[in-house]
Amino acid sequence: MAIVRIPDENRTLDAPAAITSHLASIGIDYERWEPSHAIEPNASPEDVLAAYSNEVEKLKDRGGYVTADVIDVGPQTPDLETMLARFNREHWHDEDEVRFIIAGRGIFHIHPRGGPVTVIEVEPGDLIRVPRGTWHWFDLCADRRIRAIRLFQDKAGWAPRYTDSGVDSNYEPVCLGPRYFPPPSAETRS
Ligand SMILES: [Fe+2]
């Protein structure tokens with residue numbers, strides 16, 4: 001499950017229902033997907049798309065997406081920091097930004113008009129849809145690793161359009177990492 005924070009209100013949401021309803025209230029679709037069969041960590045893009053074909057096809061029908069691909073980014077990716085610098089400033093697209101995370105993590109900042117910034121740290125199994133026109137920016141976590149399915153209505157619409165608001169500079173792209181589960185208490189330990 002994603003970790004969702006509203007830094008300006010010093011709030012972190014951890015209940016799944018609270019996360020989904022808060023994200024819906026700011027226009028962000030969020031779902032958890034399970035693969036139809038187990039897939040290897042290094043499965044080919046074709047195998048990844050096949051494992052999630054039901055969900056991908058449903059989403060294509062719903063959102064008018066015509067293509068899906070798999071993006072694979074790691075510390076060894078050439079010009080990674082240059083690529084990241086295109087997306088870690090506040091921007092919007094003429095195209096929905098749809099990502100299903102297969103491996104790694106990433107951090108979306110969403111800036112609703114007239115509302116506080118929401119930070120969404122996505123992890124494997126998370127589907128996020130940022131509708132066209134939404135002000136947002138994206139960073140990788142410190143390990144610089146993400147693998148994700150992307151869906152497109154029209155790849156030409158995906159170029160970032162910058163707001164140049166400077167709002168992004170007020171937020172540190174800090175990932176909290178995999179969720180910490182406290183050990184069971186003495187009462188519940190069996
Ligand atoms: Fe974007």
# chains A, B, ... in the order shown; residues from 1 in each chain; ligands from 1

$ residues_near_ligand --ligand "ligand 1" --cutoff "9 Å" --atoms "only C-alpha atoms and all ligand atoms" --output "list in words"
Arg86, Phe87, Asn88, Glu90, His91, Trp92, His93, Asp96, Glu97, Phe108, Val130, Thr134, Trp135, His136, Trp137, Phe138, Trp158, Ala159, Pro160 and Arg161 of chain A

$ residues_around --residues "segment 16-29 of chain A" --least-positions-apart "3" --cutoff "12 Å" --atoms "only C-alpha atoms" --output "VMD selection string"
chain A and resid 1 to 6 11 to 13 32 59 62 to 63 96 to 100 108 to 122 126 to 136

$ select_by_dssp --residues "segment 68-154 of chain A" --states "strand (DSSP E or B)" --output "number ranges by chain"
A: 68-73, 91-92, 97-104, 106-110, 118-122, 126-130, 136-140, 146-152

$ write_last_selection --atoms "N, CA and C atoms" --output "compact mmCIF listing (two decimals), in the first residue's frame"
# COMPACT_ATOMS: atom_id res chain seq x y z
N ALA A 68 0.43 0.43 -24.00
CA ALA A 68 1.01 0.17 -22.68
C ALA A 68 2.43 -0.30 -22.90
N ASP A 69 3.35 0.17 -22.05
CA ASP A 69 4.71 -0.36 -22.12
C ASP A 69 5.26 -0.50 -20.71
N VAL A 70 6.49 -0.98 -20.61
CA VAL A 70 7.12 -1.17 -19.31
C VAL A 70 8.39 -0.33 -19.29
N ILE A 71 8.49 0.55 -18.32
CA ILE A 71 9.70 1.37 -18.18
C ILE A 71 10.54 0.78 -17.05
N ASP A 72 11.83 0.76 -17.27
CA ASP A 72 12.75 0.16 -16.30
C ASP A 72 13.87 1.16 -16.04
N VAL A 73 13.94 1.66 -14.82
CA VAL A 73 14.91 2.70 -14.48
C VAL A 73 15.71 2.25 -13.27
N HIS A 91 4.69 20.34 -12.84
CA HIS A 91 4.28 20.36 -14.24
C HIS A 91 2.92 19.70 -14.39
N TRP A 92 2.42 19.72 -15.59
CA TRP A 92 1.20 19.00 -15.93
C TRP A 92 1.32 18.51 -17.36
N GLU A 97 -1.35 10.60 -16.55
CA GLU A 97 -0.11 9.90 -16.20
C GLU A 97 -0.53 8.65 -15.42
N VAL A 98 -0.39 7.48 -16.04
CA VAL A 98 -0.87 6.23 -15.44
C VAL A 98 0.31 5.30 -15.25
N ARG A 99 0.51 4.89 -14.00
CA ARG A 99 1.65 4.04 -13.70
C ARG A 99 1.21 2.90 -12.79
N PHE A 100 1.65 1.69 -13.13
CA PHE A 100 1.47 0.56 -12.22
C PHE A 100 2.88 0.08 -11.84
N ILE A 101 3.16 0.09 -10.54
CA ILE A 101 4.53 -0.15 -10.09
C ILE A 101 4.78 -1.66 -9.93
N ILE A 102 5.83 -2.12 -10.59
CA ILE A 102 6.20 -3.54 -10.52
C ILE A 102 7.35 -3.75 -9.54
N ALA A 103 8.31 -2.84 -9.55
CA ALA A 103 9.47 -2.95 -8.66
C ALA A 103 9.96 -1.54 -8.32
N GLY A 104 10.65 -1.43 -7.19
CA GLY A 104 11.18 -0.14 -6.78
C GLY A 104 10.10 0.74 -6.16
N GLY A 106 8.70 5.17 -5.82
CA GLY A 106 8.79 6.53 -6.35
C GLY A 106 7.89 7.43 -5.53
N ILE A 107 8.04 8.73 -5.73
CA ILE A 107 7.29 9.66 -4.89
C ILE A 107 6.64 10.73 -5.78
N PHE A 108 5.32 10.73 -5.78
CA PHE A 108 4.55 11.74 -6.49
C PHE A 108 4.14 12.83 -5.51
N HIS A 109 4.31 14.08 -5.92
CA HIS A 109 3.70 15.19 -5.20
C HIS A 109 2.54 15.68 -6.07
N ILE A 110 1.35 15.77 -5.47
CA ILE A 110 0.17 16.24 -6.18
C ILE A 110 -0.24 17.57 -5.56
N THR A 118 -0.29 16.83 -1.59
CA THR A 118 -0.33 15.45 -1.08
C THR A 118 0.85 14.68 -1.66
N VAL A 119 1.55 13.95 -0.79
CA VAL A 119 2.71 13.16 -1.20
C VAL A 119 2.30 11.70 -1.23
N ILE A 120 2.55 11.04 -2.35
CA ILE A 120 2.18 9.63 -2.50
C ILE A 120 3.45 8.84 -2.81
N GLU A 121 3.85 8.01 -1.86
CA GLU A 121 5.02 7.16 -2.09
C GLU A 121 4.51 5.82 -2.58
N VAL A 122 4.74 5.53 -3.85
CA VAL A 122 4.18 4.31 -4.44
C VAL A 122 5.16 3.15 -4.32
N ASP A 126 0.98 -0.96 -6.71
CA ASP A 126 0.18 0.27 -6.72
C ASP A 126 -0.08 0.74 -8.15
N LEU A 127 -1.34 1.03 -8.43
CA LEU A 127 -1.73 1.68 -9.69
C LEU A 127 -2.15 3.10 -9.34
N ILE A 128 -1.57 4.06 -10.04
CA ILE A 128 -1.94 5.45 -9.81
C ILE A 128 -2.26 6.10 -11.15
N ARG A 129 -3.36 6.89 -11.16
CA ARG A 129 -3.72 7.65 -12.36
C ARG A 129 -3.81 9.12 -11.99
N VAL A 130 -2.92 9.91 -12.57
CA VAL A 130 -2.89 11.36 -12.37
C VAL A 130 -3.54 11.97 -13.61
N HIS A 136 1.64 18.41 -10.67
CA HIS A 136 2.34 17.35 -9.91
C HIS A 136 3.82 17.37 -10.25
N TRP A 137 4.60 16.62 -9.47
CA TRP A 137 5.99 16.34 -9.84
C TRP A 137 6.36 14.98 -9.26
N PHE A 138 7.46 14.42 -9.76
CA PHE A 138 7.82 13.05 -9.43
C PHE A 138 9.31 12.94 -9.16
N ASP A 139 9.65 12.14 -8.17
CA ASP A 139 11.04 11.83 -7.86
C ASP A 139 11.19 10.33 -7.63
N LEU A 140 12.39 9.86 -7.83
CA LEU A 140 12.71 8.50 -7.37
C LEU A 140 13.19 8.59 -5.93
N ILE A 146 12.99 2.06 -10.25
CA ILE A 146 11.56 1.85 -10.44
C ILE A 146 11.35 1.07 -11.74
N ARG A 147 10.38 0.17 -11.71
CA ARG A 147 9.93 -0.52 -12.92
C ARG A 147 8.42 -0.40 -12.90
N ALA A 148 7.85 0.02 -14.01
CA ALA A 148 6.41 0.31 -14.01
C ALA A 148 5.81 0.10 -15.38
N ILE A 149 4.54 -0.31 -15.39
CA ILE A 149 3.74 -0.30 -16.62
C ILE A 149 3.24 1.14 -16.80
N ARG A 150 3.32 1.64 -18.03
CA ARG A 150 2.77 2.96 -18.35
C ARG A 150 1.67 2.79 -19.38
N LEU A 151 0.62 3.56 -19.25
CA LEU A 151 -0.43 3.55 -20.28
C LEU A 151 -0.53 4.94 -20.88
N PHE A 152 -0.79 4.96 -22.19
CA PHE A 152 -0.83 6.24 -22.90
C PHE A 152 -2.08 6.37 -23.74

$ select_by_dssp --residues "segment 20-138 of chain A" --states "helix (DSSP H, G or I)" --output "ChimeraX atom specification"
/A:20-25,45-51,53-63,80-87

$ atom_distance --atom1 "atom CA of Glu31 of chain A" --atom2 "atom CA of Gly125 of chain A"
8.3 Å

$ atom_distance --atom1 "atom CA of Asp168 of chain A" --atom2 "atom CA of Arg89 of chain A"
6.0 Å
